[in-house]
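Here is the file work-v4.cif (mmCIF, C-alpha atoms and all ligand atoms).
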```cif
data_query
#
loop_
_atom_site.label_atom_id
_atom_site.label_comp_id
_atom_site.auth_asym_id
_atom_site.auth_seq_id
_atom_site.Cartn_x
_atom_site.Cartn_y
_atom_site.Cartn_z
CA MET Z 39 11.91 2.13 -22.49
CA PRO Z 40 10.84 -1.48 -22.97
CA LYS Z 41 8.43 -2.70 -20.35
CA SER Z 42 10.86 -5.20 -18.86
CA ALA Z 43 13.71 -2.71 -18.42
CA GLU Z 44 14.81 -1.99 -14.87
CA PRO Z 45 15.46 1.57 -13.68
CA LYS Z 46 19.01 2.68 -14.34
CA ASP Z 47 19.06 6.28 -13.18
CA VAL Z 48 20.92 5.54 -9.94
CA PRO Z 49 24.37 3.96 -9.79
CA GLY Z 50 23.32 0.99 -7.64
CA ALA Z 51 25.25 -1.02 -5.09
CA GLU Z 52 27.26 -3.13 -7.53
CA ARG Z 53 30.34 -0.91 -7.43
CA TYR Z 54 30.52 -1.14 -3.64
CA LEU Z 55 30.74 -4.93 -3.55
CA PRO Z 56 34.03 -6.08 -2.00
CA GLU Z 57 36.29 -8.73 -3.47
CA ASP Z 58 35.88 -10.94 -0.41
CA ARG Z 59 32.24 -12.00 -0.46
CA GLY Z 60 32.01 -13.33 3.10
CA LEU Z 61 29.14 -11.92 5.17
CA ASN Z 62 31.40 -9.86 7.45
CA SER Z 63 33.23 -8.31 4.56
CA LEU Z 64 29.93 -7.60 2.78
CA GLU Z 65 28.50 -5.94 5.88
CA HIS Z 66 31.57 -3.77 6.24
CA ALA Z 67 31.43 -2.70 2.59
CA ALA Z 68 27.67 -2.05 2.72
CA SER Z 69 28.23 0.40 5.58
CA GLY Z 70 29.75 2.76 3.00
CA CYS Z 71 27.24 2.18 0.21
CA GLN Z 72 25.97 5.21 -1.69
CA GLY Z 73 24.32 3.21 -4.44
CA CYS Z 74 21.10 5.23 -4.20
CA THR Z 75 20.04 8.37 -2.35
CA LEU Z 76 18.67 6.63 0.76
CA TYR Z 77 22.00 6.66 2.60
CA GLN Z 78 21.78 10.48 2.82
CA ASP Z 79 19.02 10.74 5.42
CA ALA Z 80 19.19 7.39 7.17
CA THR Z 81 21.33 6.82 10.26
CA GLN Z 82 23.20 3.78 8.97
CA THR Z 83 23.14 0.78 6.67
CA VAL Z 84 21.19 -2.04 8.29
CA PHE Z 85 22.75 -5.20 6.95
CA GLY Z 86 21.47 -8.75 7.44
CA HIS Z 87 21.87 -10.48 10.77
CA GLY Z 88 22.25 -14.12 11.70
CA LYS Z 89 24.62 -17.06 11.51
CA ALA Z 90 26.41 -17.75 8.23
CA GLU Z 91 25.20 -21.38 8.54
CA ALA Z 92 21.53 -20.43 8.89
CA PRO Z 93 19.46 -22.52 6.45
CA VAL Z 94 16.61 -20.00 6.32
CA MET Z 95 16.84 -16.47 4.96
CA LEU Z 96 14.02 -14.10 5.87
CA VAL Z 97 13.82 -11.05 3.62
CA GLY Z 98 11.85 -7.99 4.73
CA GLU Z 99 11.29 -4.68 3.00
CA GLN Z 100 13.64 -2.19 4.61
CA PRO Z 101 14.72 -1.25 8.13
CA GLY Z 102 12.16 0.67 10.16
CA ASP Z 103 12.71 3.53 12.58
CA ARG Z 104 14.08 1.31 15.37
CA GLU Z 105 16.21 -0.77 13.04
CA ASP Z 106 17.69 2.41 11.58
CA GLN Z 107 18.74 3.55 15.03
CA GLU Z 108 19.98 0.19 16.29
CA GLY Z 109 21.60 -1.02 13.08
CA GLN Z 110 19.94 -4.43 13.17
CA PRO Z 111 16.98 -5.79 11.21
CA PHE Z 112 13.67 -6.71 12.85
CA VAL Z 113 14.33 -5.28 16.31
CA GLY Z 114 11.16 -3.12 16.31
CA PRO Z 115 7.43 -3.97 16.54
CA ALA Z 116 7.27 -5.85 13.21
CA GLY Z 117 10.26 -7.90 14.32
CA ARG Z 118 8.54 -8.82 17.60
CA LEU Z 119 5.50 -10.02 15.70
CA LEU Z 120 7.74 -11.98 13.34
CA MET Z 121 9.51 -13.68 16.27
CA ARG Z 122 6.19 -14.65 17.82
CA ALA Z 123 4.97 -16.04 14.49
CA LEU Z 124 8.18 -18.04 14.01
CA ALA Z 125 7.73 -19.51 17.49
CA ASP Z 126 4.08 -20.35 16.72
CA ALA Z 127 5.22 -21.97 13.45
CA GLY Z 128 7.84 -24.07 15.28
CA VAL Z 129 10.77 -22.37 13.54
CA ASP Z 130 13.80 -21.72 15.74
CA PRO Z 131 14.90 -18.10 15.11
CA ALA Z 132 18.50 -19.29 15.41
CA LEU Z 133 17.99 -21.07 12.09
CA THR Z 134 17.20 -17.79 10.38
CA TYR Z 135 19.31 -15.08 8.82
CA GLN Z 136 17.28 -11.90 8.68
CA THR Z 137 17.72 -9.19 6.12
CA ASN Z 138 15.89 -6.69 3.94
CA ALA Z 139 15.49 -5.96 0.24
CA VAL Z 140 16.62 -2.37 0.89
CA LYS Z 141 19.27 -1.66 3.51
CA HIS Z 142 18.56 1.98 4.37
CA PHE Z 143 15.43 3.38 6.05
CA LYS Z 144 13.30 5.50 3.73
CA PHE Z 145 11.07 7.98 5.54
CA LYS Z 146 9.57 11.42 5.49
CA ARG Z 147 9.57 13.78 8.43
CA GLN Z 148 6.35 14.83 10.05
CA GLY Z 149 7.29 17.11 12.92
CA LYS Z 150 9.52 15.02 15.13
CA ARG Z 151 8.27 11.74 13.71
CA ARG Z 152 9.83 9.83 10.88
CA ILE Z 153 7.16 8.19 8.76
CA HIS Z 154 8.04 5.04 6.84
CA GLN Z 155 7.92 5.34 3.06
CA LYS Z 156 7.78 2.35 0.79
CA PRO Z 157 10.96 1.99 -1.25
CA GLY Z 158 10.48 2.34 -5.00
CA ARG Z 159 11.60 -0.02 -7.74
CA THR Z 160 14.69 2.14 -8.31
CA GLU Z 161 15.89 1.65 -4.74
CA VAL Z 162 14.99 -2.03 -4.71
CA VAL Z 163 17.02 -2.66 -7.86
CA ALA Z 164 19.87 -0.43 -6.67
CA CYS Z 165 20.13 -2.38 -3.43
CA ARG Z 166 19.61 -5.87 -4.86
CA PRO Z 167 23.35 -6.65 -5.32
CA TRP Z 168 23.65 -6.79 -1.52
CA LEU Z 169 20.76 -9.20 -1.24
CA ILE Z 170 22.13 -11.41 -4.01
CA ALA Z 171 25.58 -11.36 -2.41
CA GLU Z 172 23.99 -12.39 0.90
CA ILE Z 173 22.25 -15.31 -0.81
CA GLN Z 174 25.54 -16.35 -2.41
CA ALA Z 175 27.40 -16.12 0.90
CA LEU Z 176 24.70 -17.88 2.93
CA GLN Z 177 23.60 -20.53 0.41
CA PRO Z 178 20.27 -20.90 2.24
CA GLN Z 179 17.95 -23.86 1.75
CA LEU Z 180 14.90 -21.65 2.05
CA ILE Z 181 14.22 -17.98 1.35
CA VAL Z 182 11.05 -16.44 2.76
CA CYS Z 183 10.06 -13.12 1.20
CA LEU Z 184 8.06 -11.07 3.68
CA GLY Z 185 5.81 -8.81 1.63
CA ALA Z 186 5.75 -7.50 -1.92
CA THR Z 187 8.98 -5.51 -1.86
CA ALA Z 188 11.12 -8.52 -0.98
CA ALA Z 189 9.16 -10.80 -3.30
CA GLN Z 190 9.42 -8.41 -6.23
CA SER Z 191 13.13 -7.85 -5.67
CA LEU Z 192 13.81 -11.56 -6.15
CA LEU Z 193 10.87 -12.75 -8.24
CA GLY Z 194 10.26 -9.76 -10.52
CA SER Z 195 8.22 -6.56 -10.45
CA THR Z 196 5.04 -8.26 -11.66
CA PHE Z 197 4.99 -10.81 -8.84
CA ARG Z 198 1.83 -10.63 -6.73
CA VAL Z 199 1.97 -11.95 -3.18
CA THR Z 200 -1.82 -12.18 -2.97
CA ALA Z 201 -1.89 -14.52 -5.98
CA HIS Z 202 1.12 -16.67 -5.07
CA ARG Z 203 1.63 -16.60 -1.31
CA GLY Z 204 2.69 -19.90 0.20
CA GLU Z 205 3.74 -21.43 -3.13
CA ARG Z 206 7.08 -23.20 -3.39
CA LEU Z 207 9.05 -21.25 -5.97
CA ARG Z 208 12.58 -20.99 -7.35
CA LEU Z 209 14.78 -17.99 -7.99
CA PRO Z 210 14.48 -16.92 -11.63
CA ALA Z 211 17.52 -17.91 -13.71
CA THR Z 212 17.78 -14.31 -14.94
CA LEU Z 213 18.84 -13.18 -11.46
CA ASP Z 214 22.02 -15.19 -11.93
CA VAL Z 215 22.45 -15.99 -8.27
CA GLY Z 216 25.37 -18.38 -7.89
CA VAL Z 217 24.10 -21.08 -5.58
CA GLU Z 218 25.20 -24.70 -5.35
CA ALA Z 219 21.74 -25.99 -4.48
CA GLU Z 220 18.64 -24.07 -5.53
CA PRO Z 221 16.87 -22.71 -2.47
CA VAL Z 222 13.11 -23.01 -2.15
CA VAL Z 223 11.61 -19.52 -2.29
CA MET Z 224 8.30 -18.64 -0.69
CA ALA Z 225 6.47 -15.34 -0.40
CA THR Z 226 4.03 -14.31 2.28
CA VAL Z 227 2.71 -11.09 3.77
CA HIS Z 228 4.83 -8.60 5.68
CA PRO Z 229 4.48 -8.69 9.48
CA SER Z 230 3.80 -4.91 9.45
CA SER Z 231 0.62 -5.53 7.48
CA LEU Z 232 -0.60 -7.67 10.39
CA LEU Z 233 0.30 -4.97 12.90
CA ARG Z 234 -1.76 -2.47 10.93
CA ASP Z 235 -4.64 -4.90 10.46
CA GLN Z 236 -7.72 -3.53 12.23
CA SER Z 237 -10.13 -5.81 10.42
CA ASP Z 238 -12.33 -8.49 11.93
CA HIS Z 239 -9.96 -11.03 10.39
CA ARG Z 240 -6.89 -9.94 12.29
CA GLN Z 241 -6.41 -13.22 14.16
CA GLU Z 242 -7.23 -15.29 11.09
CA ASN Z 243 -4.71 -13.30 9.03
CA TYR Z 244 -2.07 -13.83 11.69
CA GLU Z 245 -2.79 -17.55 11.62
CA SER Z 246 -2.44 -17.65 7.82
CA PHE Z 247 0.94 -15.99 8.19
CA VAL Z 248 2.00 -18.62 10.74
CA ALA Z 249 0.70 -21.34 8.42
CA ASP Z 250 2.80 -19.95 5.55
CA LEU Z 251 5.90 -19.96 7.76
CA ARG Z 252 5.18 -23.50 8.92
CA SER Z 253 4.64 -24.69 5.38
CA ALA Z 254 7.83 -22.97 4.19
CA ALA Z 255 9.79 -24.64 6.99
CA SER Z 256 8.47 -28.03 5.94
CA ALA Z 257 10.60 -27.61 2.79
CA LEU Z 258 13.70 -27.81 5.00
CA PRO Z 259 15.64 -31.02 5.38
CA ALA Z 260 14.42 -32.95 8.44
CA MET Z 261 17.52 -32.12 10.52
CA PHE Z 262 16.39 -28.50 10.74
CA ARG Z 263 12.77 -29.10 11.59
CA SER Z 264 11.33 -29.07 15.06
CA ASP Z 265 8.52 -31.36 13.87
CA ARG Z 266 11.00 -34.11 12.93
CA HIS Z 267 10.02 -36.35 15.85
CA GLY Z 268 6.31 -35.95 15.38
N1 LIG K 1 10.35 -4.25 8.62
C1 LIG K 1 11.18 -4.78 7.71
O1 LIG K 1 10.81 -5.08 6.60
N2 LIG K 1 12.40 -5.01 8.05
C2 LIG K 1 12.87 -4.73 9.25
O2 LIG K 1 14.06 -4.97 9.46
C3 LIG K 1 11.99 -4.19 10.18
C4 LIG K 1 10.73 -3.94 9.85
FE1 LIG K 2 23.19 1.36 -0.95
FE2 LIG K 2 20.95 0.01 -0.59
FE3 LIG K 2 21.53 2.01 1.02
FE4 LIG K 2 20.77 2.51 -1.46
S1 LIG K 2 19.51 1.57 0.15
S2 LIG K 2 22.52 3.43 -0.38
S3 LIG K 2 21.73 0.79 -2.56
S4 LIG K 2 22.68 0.10 0.84
#
```

Representation of the structure as structure tokens:
Amino acid sequence: MPKSAEPKDVPGAERYLPEDRGLNSLEHAASGCQGCTLYQDATQTVFGHGKAEAPVMLVGEQPGDREDQEGQPFVGPAGRLLMRALADAGVDPALTYQTNAVKHFKFKRQGKRRIHQKPGRTEVVACRPWLIAEIQALQPQLIVCLGATAAQSLLGSTFRVTAHRGERLRLPATLDVGVEAEPVVMATVHPSSLLRDQSDHRQENYESFVADLRSAASALPAMFRSDRHG
């Protein structure tokens, strides 16, 4: 297999895409997706959440335990940290549409606990049609990739967040996302990495995350920015 080839051993979400590509119709169709094996053990599809007019799309990795149960992205501990960081960055959460690269929770059981497992490239590629359809429906001005899974879904499997975090990027033409105006794309760390951070640099790392969010938001047209008067 050539190095650039993407995994093709799962059917992928493409065949589940509805004709009507509005967000509600997409969400409804995604609830029945069997594009990879993750639907088998998870509770439900966790589709994106937010207003169709939101100028900012936040892309996480996959739903966590709480999100899987509640059916909404970023309602657990990582989501709380993300909301605090958005507030500290001066970004109104109402301006954001929140979603994930992979729409089902991947986990392994350990007794009664369900332990998060990182989705593989196969699942990321299988699920990407939903993410692309969300971008097409939303036409965001700004896409923030939270962590490597989201960044690699949109920017390619060789993308390294550590090397390129905070940079203003564009979607690669090869993704063939139909957008009228090219969104600015930025990658930063995943809020879960900050929750796990037990290092002496925990606060500093949180502040870098807030700085990335603030800098991403500065790419928005002035009408959406809370700093527009200052
Ligand atoms: N982590 C994610 O990446 N997404 C969520 O929705 C929740 C936690
Ligand atoms: Fe479909 Fe994505 Fe769920 Fe896989 S993870 S079944 S591709 S919605």

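Residues in contact with Gln82 (chain Z) at 12 Å, where all atoms listed in the file are counted and same-chain residues fewer than 5 positions away are skipped, are listed as Glu65, His66, Ala68, Ser69, Gly70, Cys71, Gln72, Leu76, Tyr77, Pro101, Gly102, Asp103, Arg104, Glu105, Asp106, Gln107, Glu108, Gly109, Gln110, Pro111, Lys141, His142, Phe143 and Lys144 of chain Z.
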
Between Z:Gly128, Z:Pro259, Z:Gly50, Z:Pro221, which one has atoms that come closest to ligand LIG 2 (chain K), using all atoms listed in the file?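 Ranking Z:Gly128, Z:Pro259, Z:Gly50, Z:Pro221 by distance to ligand LIG 2 (chain K), first place goes to Z:Gly50.
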
If you count all atoms listed in the file, which residues end up within 10 Å of ligand LIG 1 (chain K), as a JSON list (two decimals) with C-alpha atoms, keeping the file's coordinate frame?
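That gives us result_4.json:
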```
[["chain", "number", "residue", "atom", "x", "y", "z"],
["Z", 84, "VAL", "CA", 21.19, -2.04, 8.29],
["Z", 85, "PHE", "CA", 22.75, -5.20, 6.95],
["Z", 86, "GLY", "CA", 21.47, -8.75, 7.44],
["Z", 87, "HIS", "CA", 21.87, -10.48, 10.77],
["Z", 96, "LEU", "CA", 14.02, -14.10, 5.87],
["Z", 97, "VAL", "CA", 13.82, -11.05, 3.62],
["Z", 98, "GLY", "CA", 11.85, -7.99, 4.73],
["Z", 99, "GLU", "CA", 11.29, -4.68, 3.00],
["Z", 100, "GLN", "CA", 13.64, -2.19, 4.61],
["Z", 101, "PRO", "CA", 14.72, -1.25, 8.13],
["Z", 102, "GLY", "CA", 12.16, 0.67, 10.16],
["Z", 103, "ASP", "CA", 12.71, 3.53, 12.58],
["Z", 104, "ARG", "CA", 14.08, 1.31, 15.37],
["Z", 105, "GLU", "CA", 16.21, -0.77, 13.04],
["Z", 106, "ASP", "CA", 17.69, 2.41, 11.58],
["Z", 109, "GLY", "CA", 21.60, -1.02, 13.08],
["Z", 110, "GLN", "CA", 19.94, -4.43, 13.17],
["Z", 111, "PRO", "CA", 16.98, -5.79, 11.21],
["Z", 112, "PHE", "CA", 13.67, -6.71, 12.85],
["Z", 113, "VAL", "CA", 14.33, -5.28, 16.31],
["Z", 114, "GLY", "CA", 11.16, -3.12, 16.31],
["Z", 115, "PRO", "CA", 7.43, -3.97, 16.54],
["Z", 116, "ALA", "CA", 7.27, -5.85, 13.21],
["Z", 117, "GLY", "CA", 10.26, -7.90, 14.32],
["Z", 118, "ARG", "CA", 8.54, -8.82, 17.60],
["Z", 119, "LEU", "CA", 5.50, -10.02, 15.70],
["Z", 120, "LEU", "CA", 7.74, -11.98, 13.34],
["Z", 136, "GLN", "CA", 17.28, -11.90, 8.68],
["Z", 137, "THR", "CA", 17.72, -9.19, 6.12],
["Z", 138, "ASN", "CA", 15.89, -6.69, 3.94],
["Z", 139, "ALA", "CA", 15.49, -5.96, 0.24],
["Z", 140, "VAL", "CA", 16.62, -2.37, 0.89],
["Z", 141, "LYS", "CA", 19.27, -1.66, 3.51],
["Z", 142, "HIS", "CA", 18.56, 1.98, 4.37],
["Z", 143, "PHE", "CA", 15.43, 3.38, 6.05],
["Z", 154, "HIS", "CA", 8.04, 5.04, 6.84],
["Z", 156, "LYS", "CA", 7.78, 2.35, 0.79],
["Z", 183, "CYS", "CA", 10.06, -13.12, 1.20],
["Z", 184, "LEU", "CA", 8.06, -11.07, 3.68],
["Z", 185, "GLY", "CA", 5.81, -8.81, 1.63],
["Z", 187, "THR", "CA", 8.98, -5.51, -1.86],
["Z", 188, "ALA", "CA", 11.12, -8.52, -0.98],
["Z", 228, "HIS", "CA", 4.83, -8.60, 5.68],
["Z", 229, "PRO", "CA", 4.48, -8.69, 9.48],
["Z", 230, "SER", "CA", 3.80, -4.91, 9.45],
["Z", 231, "SER", "CA", 0.62, -5.53, 7.48]]
```

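Closest approach to Arg203 (chain Z) among Z:Ala254, Z:Cys165, Z:Leu233, Z:Ile170: Z:Ala254, based on only C-alpha atoms.
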
One-decimal distance in Å that lies between CA of Thr226 (chain Z) and CA of Ala164 (chain Z): 22.9 Å

So, with all atoms listed in the file as the atoms that count, which of Z:Ala92, Z:Met261, Z:Val48, Z:Ala201 lies closest to Thr75 (chain Z)?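 Of the candidates, the smallest distance to Thr75 (chain Z) is held by Z:Val48.
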
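Note that CA of Val199 (chain Z) and CA of Ser237 (chain Z) are 19.2 Å apart.
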
Select, from Z:Leu258, Z:Leu55, Z:Ala211, Z:Ala186, the residue with the minimum atom-to-atom distance to Pro157 (chain Z), counting all atoms listed in the file. Z:Ala186

Tell me which protein, DNA and RNA residues are within 12 Å of Glu220 (chain Z), counting only C-alpha atoms, leaving out same-chain ones fewer than 5 positions away, and put them as a list in words. Ile173, Gln174, Gln177, Pro178, Gln179, Leu180, Ile181, Arg206, Leu207, Arg208, Leu209, Pro210, Ala211, Asp214 and Val215 of chain Z

Would you list the residues near (25.6, -5.9, -2.7) (no more than 6 Å away, in the coordinates of the file, using all atoms listed in the file) as a list in words?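 Taken together, the residues in range are Ala51, Glu52, Leu55, Pro167, Trp168 and Ala171 of chain Z.
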
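Picture a line from CA of Arg166 (chain Z) to atom S1 of ligand LIG 2 (chain K); it runs 9.0 Å.
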
Taking all atoms listed in the file into account, which of Z:Val163, Z:Leu124, Z:Ala219, Z:Val129 comes nearest ligand LIG 2 (chain K)?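 Once distances to ligand LIG 2 (chain K) are computed over all atoms listed in the file, the minimum belongs to Z:Val163.
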
Let me have the centre and edge lengths in Å, one decimal, of the box along x, y and z around every listed atom of region 219-229 of chain Z with 6 Å of margin on each side, as lines of an AutoDock Vina configuration file.
```
center_x = 12.2
center_y = -17.3
center_z = 2.0
size_x = 31.0
size_y = 29.4
size_z = 27.0
```

My list of candidates is Z:Cys74, Z:Val227, Z:Val222, Z:Leu232. Which is closest to Asp250 (chain Z) when distances are computed with only C-alpha atoms?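 So, comparing all the options, the nearest one is Z:Val227.
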